[in-house]
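One file, input_35.cif, carrying mmCIF, C-alpha atoms:
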data_model
#
loop_
_atom_site.label_atom_id
_atom_site.label_comp_id
_atom_site.auth_asym_id
_atom_site.auth_seq_id
_atom_site.Cartn_x
_atom_site.Cartn_y
_atom_site.Cartn_z
CA MET A 1 5.31 28.61 2.50
CA SER A 2 2.11 30.20 1.23
CA GLY A 3 -0.12 27.33 2.22
CA GLN A 4 2.25 24.50 1.35
CA GLY A 5 1.76 21.67 3.81
CA LYS A 6 -1.62 22.92 5.03
CA LYS A 7 -3.44 19.92 3.59
CA THR A 8 -1.19 17.47 5.40
CA GLU A 9 -0.12 19.18 8.62
CA HIS A 10 -2.78 17.28 10.62
CA LEU A 11 -0.88 14.07 9.84
CA ALA A 12 1.83 15.19 12.26
CA ASP A 13 -0.65 14.44 15.05
CA ARG A 14 -1.44 10.99 13.71
CA GLU A 15 -0.23 8.19 15.98
CA ARG A 16 2.63 6.43 14.22
CA VAL A 17 2.88 2.67 14.40
CA ASP A 18 6.27 1.01 14.86
CA VAL A 19 6.56 -2.31 13.05
CA ALA A 20 8.78 -5.30 13.76
CA PHE A 21 9.08 -6.71 10.26
CA THR A 22 10.99 -5.86 7.11
CA SER A 23 9.79 -4.61 3.74
CA ASP A 24 11.39 -5.68 0.49
CA PHE A 25 10.42 -3.94 -2.74
CA SER A 26 10.81 -6.29 -5.70
CA ASP A 27 8.78 -8.05 -8.39
CA ASN A 28 6.21 -5.20 -8.40
CA ALA A 29 5.32 -5.83 -4.77
CA VAL A 30 6.25 -4.83 -1.25
CA THR A 31 6.91 -8.02 0.69
CA LEU A 32 6.29 -7.75 4.42
CA ARG A 33 8.03 -10.46 6.42
CA ALA A 34 9.43 -10.90 9.93
CA ASP A 35 13.03 -11.99 10.34
CA ASN A 36 11.71 -14.98 12.30
CA ALA A 37 9.00 -15.93 9.79
CA ARG A 38 8.19 -19.63 9.86
CA ALA A 39 9.38 -21.54 6.81
CA ASP A 40 5.81 -22.77 6.32
CA ALA A 41 4.12 -19.43 7.00
CA PRO A 42 1.31 -18.81 4.50
CA GLU A 43 2.09 -16.20 1.84
CA VAL A 44 -0.56 -14.07 0.17
CA ASP A 45 -0.78 -11.33 -2.44
CA LEU A 46 -2.87 -8.37 -1.26
CA TYR A 47 -4.12 -6.32 -4.21
CA GLU A 48 -5.30 -2.78 -3.54
CA ASP A 49 -5.99 0.48 -5.37
CA PHE A 50 -5.57 3.81 -3.59
CA SER A 51 -8.84 5.06 -5.13
CA CYS A 52 -10.83 2.03 -3.93
CA SER A 53 -13.04 2.79 -0.92
CA TYR A 54 -13.38 -0.91 -0.12
CA CYS A 55 -9.58 -1.15 0.01
CA GLY A 56 -9.55 1.71 2.50
CA GLN A 57 -12.14 -0.05 4.63
CA LEU A 58 -10.22 -3.32 4.47
CA ALA A 59 -7.01 -1.61 5.55
CA GLU A 60 -8.73 0.04 8.50
CA ASN A 61 -10.42 -3.19 9.53
CA THR A 62 -7.52 -5.62 9.13
CA ASP A 63 -4.13 -3.84 9.16
CA ALA A 64 -3.61 -4.28 12.90
CA GLN A 65 -4.37 -8.00 12.73
CA MET A 66 -2.21 -8.36 9.63
CA GLN A 67 0.68 -6.57 11.34
CA ALA A 68 0.42 -8.84 14.39
CA ALA A 69 0.42 -11.99 12.25
CA ILE A 70 3.42 -10.83 10.20
CA GLU A 71 5.37 -9.84 13.31
CA ALA A 72 4.61 -13.23 14.90
CA GLY A 73 6.20 -14.91 11.88
CA ASP A 74 2.88 -16.51 10.96
CA LEU A 75 2.24 -14.67 7.68
CA VAL A 76 4.05 -13.16 4.69
CA VAL A 77 2.22 -10.52 2.64
CA ASN A 78 3.07 -9.19 -0.81
CA VAL A 79 1.26 -5.87 -1.18
CA ARG A 80 0.50 -5.36 -4.88
CA THR A 81 -0.76 -1.96 -5.97
CA LEU A 82 -3.26 -1.53 -8.80
CA ASN A 83 -4.42 1.61 -10.63
CA PHE A 84 -7.27 0.35 -12.81
CA LEU A 85 -9.63 2.91 -11.26
CA ASP A 86 -7.66 5.65 -13.05
CA ARG A 87 -8.92 4.16 -16.33
CA GLY A 88 -5.65 4.83 -18.10
CA ASN A 89 -5.08 8.34 -16.75
CA VAL A 90 -1.45 8.35 -15.61
CA ASP A 91 -2.11 11.60 -13.74
CA GLY A 92 -4.94 9.98 -11.78
CA HIS A 93 -5.06 9.63 -8.01
CA SER A 94 -4.37 5.88 -7.96
CA THR A 95 -1.20 6.20 -10.01
CA ARG A 96 0.21 9.22 -8.22
CA ALA A 97 -0.51 7.69 -4.81
CA ALA A 98 1.10 4.46 -5.99
CA ALA A 99 4.17 6.41 -7.16
CA ALA A 100 4.49 8.11 -3.79
CA VAL A 101 4.12 4.88 -1.81
CA MET A 102 6.49 3.09 -4.20
CA THR A 103 9.11 5.75 -3.52
CA VAL A 104 8.88 5.13 0.22
CA ALA A 105 8.84 1.36 -0.27
CA GLU A 106 11.94 1.21 -2.47
CA SER A 107 13.86 3.18 0.17
CA GLY A 108 13.42 0.33 2.66
CA GLU A 109 12.00 2.72 5.28
CA THR A 110 9.51 0.17 6.60
CA ASP A 111 7.93 2.20 9.41
CA ALA A 112 7.38 5.14 7.07
CA TYR A 113 5.95 2.84 4.39
CA TRP A 114 3.50 1.18 6.76
CA ASN A 115 2.25 4.45 8.22
CA TYR A 116 2.12 6.24 4.87
CA ARG A 117 0.16 3.50 3.13
CA ALA A 118 -2.29 3.37 6.05
CA ALA A 119 -2.79 7.13 6.03
CA LEU A 120 -3.45 7.26 2.28
CA MET A 121 -6.01 4.48 2.65
CA GLU A 122 -7.75 5.92 5.69
CA GLU A 123 -7.78 9.52 4.38
CA GLN A 124 -8.84 8.47 0.90
CA ALA A 125 -12.29 10.10 0.95
CA ASP A 126 -10.77 13.47 1.87
CA ILE A 127 -7.78 13.43 -0.47
CA TYR A 128 -9.06 11.69 -3.60
CA ASN A 129 -8.09 13.75 -6.65
CA LYS A 130 -7.22 16.70 -4.40
CA TRP A 131 -3.52 16.17 -3.71
CA SER A 132 -0.60 17.41 -5.79
CA ASN A 133 2.84 15.83 -5.74
CA ASP A 134 3.74 18.44 -3.12
CA ASP A 135 0.91 17.21 -0.90
CA PHE A 136 1.98 13.58 -1.27
CA ALA A 137 5.54 14.65 -0.43
CA ASP A 138 4.51 16.74 2.58
CA ALA A 139 2.42 13.84 3.90
CA ALA A 140 5.37 11.47 3.61
CA LYS A 141 7.50 13.92 5.59
CA GLN A 142 4.87 14.15 8.33
CA LEU A 143 4.85 10.35 8.55
CA GLY A 144 8.59 9.88 8.92
CA ALA A 145 10.01 9.50 5.42
CA SER A 146 13.56 10.72 4.89
CA ASP A 147 14.25 14.01 3.12
CA ALA A 148 15.59 12.23 0.04
CA VAL A 149 12.40 10.20 -0.27
CA VAL A 150 10.22 13.27 0.29
CA GLU A 151 11.96 15.20 -2.48
CA LYS A 152 11.76 12.27 -4.88
CA ILE A 153 8.00 12.11 -4.29
CA ARG A 154 7.79 15.85 -4.84
CA SER A 155 9.50 15.48 -8.23
CA GLY A 156 6.93 12.94 -9.42
CA GLU A 157 9.66 10.95 -11.11
CA ASN A 158 8.19 7.56 -10.18
CA VAL A 159 4.77 8.11 -11.76
CA GLU A 160 5.53 6.25 -15.00
CA ALA A 161 7.25 3.45 -13.09
CA ALA A 162 4.23 3.16 -10.79
CA ASP A 163 1.92 2.96 -13.79
CA ALA A 164 4.02 0.12 -15.21
CA LEU A 165 4.08 -1.63 -11.82
CA ALA A 166 0.30 -1.42 -11.48
CA ALA A 167 -0.19 -2.69 -15.03
CA ALA A 168 2.05 -5.68 -14.32
CA ASN A 169 0.10 -6.45 -11.15
CA ALA A 170 -3.20 -6.23 -13.03
CA GLU A 171 -1.82 -8.61 -15.66
CA LYS A 172 -0.73 -11.06 -12.95
CA LEU A 173 -4.09 -10.89 -11.17
CA ASN A 174 -6.00 -11.36 -14.42
CA ALA A 175 -3.80 -14.28 -15.47
CA GLU A 176 -4.37 -16.05 -12.16
CA THR A 177 -8.06 -15.32 -11.61
CA GLY A 178 -9.54 -14.09 -14.89
CA SER A 179 -10.50 -10.64 -13.60
CA VAL A 180 -9.12 -7.42 -12.12
CA SER A 181 -10.81 -5.82 -9.12
CA SER A 182 -9.92 -4.75 -5.61
CA PRO A 183 -9.42 -5.47 -2.84
CA ARG A 184 -8.33 -9.04 -3.47
CA VAL A 185 -6.34 -11.51 -1.37
CA ILE A 186 -4.74 -14.28 -3.42
CA GLN A 187 -3.12 -17.42 -2.03
CA ASP A 188 -1.59 -20.04 -4.33
CA GLY A 189 -3.10 -18.30 -7.36
CA LYS A 190 -6.67 -18.30 -6.05
CA ASP A 191 -8.85 -15.89 -4.11
CA VAL A 192 -8.93 -16.66 -0.40
CA ASN A 193 -12.27 -18.36 0.15
CA SER A 194 -13.89 -16.02 2.65
CA PRO A 195 -17.52 -14.83 2.36
CA ASP A 196 -16.39 -11.54 3.91
CA ILE A 197 -13.00 -10.30 2.75
CA ASN A 198 -12.58 -8.58 6.12
CA GLN A 199 -12.22 -12.10 7.58
CA TRP A 200 -9.46 -13.19 5.21
CA LEU A 201 -6.85 -13.39 7.95
CA ASP A 202 -8.95 -15.81 9.98
CA VAL A 203 -9.27 -18.04 6.92
CA VAL A 204 -5.57 -17.94 5.98
CA LEU A 205 -4.29 -18.33 9.53
CA GLY A 206 -6.81 -21.05 10.34
#
What would the structure in this file look like if it were written as structure tokens?
Amino acid sequence: MSGQGKKTEHLADRERVDVAFTSDFSDNAVTLRADNARADAPEVDLYEDFSCSYCGQLAENTDAQMQAAIEAGDLVVNVRTLNFLDRGNVDGHSTRAAAAVMTVAESGETDAYWNYRAALMEEQADIYNKWSNDDFADAAKQLGASDAVVEKIRSGENVEAADALAAANAEKLNAETGSVSSPRVIQDGKDVNSPDINQWLDVVLG
């Protein structure tokens, strides 16, 4: 192996979270919804960039509460990935991380998606601009992705598609709000009105 997997082997010891909701990859987003979601459950767009430290902090601070609300049928979340922090570099960390996560998401492997996204957010400071496609692939394997998904990540074939996805999300965010930044939580085309974005769930859920 000559060192392959060394950067990610610690992820095997990471506690995996089992989720009780589905993930649907479409319209440039990963929609997280419980089978028993209320018809009137609030729906939000969560915009994040895998190179954004504030996005990492938000994920750490709110993912558990978000998961609980989704599983209770009280919330629907469309996770929309951005890559503006790459400043047009398709080989940048944001885009390659987005490509890897997109590959897991489009497979419908919801548990793997949820754990992989969380790990990339929480480990961001240690992995930023340090991981190759092999590292992204090895990490996905450690976090439960299927072999087919792992090898697709390793090939890097979704990088251009991820760049296009992120560009479309940036265009949508800019059209609705007039600016592109992250993290952002959008409901009905407007930023959730919370003085501290870490409290967005309390505002949306009332």
Give, as JSON, the centre coordinates and the x, y and z edge lengths in Å to one decimal for an axis-aligned box around all listed atoms of region 39-54 of chain A, padded by 8 Å on each side.
{"center_x": -2.0, "center_y": -8.9, "center_z": 0.8, "size_x": 38.8, "size_y": 43.8, "size_z": 28.4}
| said: Here is a test: counting all atoms listed in the file, which residue of A:Val185, A:Ala118, A:Val90, A:Ala167 is nearest to Asn61 (chain A)? | reply: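 Under the stated criterion, the closest residue is A:Ala118.
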Per residue of region 52-109 of chain A within 7 Å of region 33-39 of chain A, what are the shortest atom pair and its distance in Å to one decimal, counting only C-alpha atoms, with rows by chain and residue number, as CSV?
residue,atom,partner,partner_atom,distance
A:Ile70,CA,A:Arg33,CA,6.0
A:Glu71,CA,A:Ala34,CA,5.4
A:Gly73,CA,A:Ala37,CA,3.6
A:Asp74,CA,A:Arg38,CA,6.3
A:Val76,CA,A:Arg33,CA,5.1
A:Val77,CA,A:Arg33,CA,6.9
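Closest approach to Val44 (chain A) from the set A:Gln67, A:Gln187, A:Gln124, A:Ser182 is made by A:Gln187, with distances taken over all atoms listed in the file.
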Using all atoms listed in the file, the shortest atom-to-atom distance to Lys7 (chain A) among A:Lys172, A:Lys141, A:Lys130, A:Lys152 belongs to A:Lys130
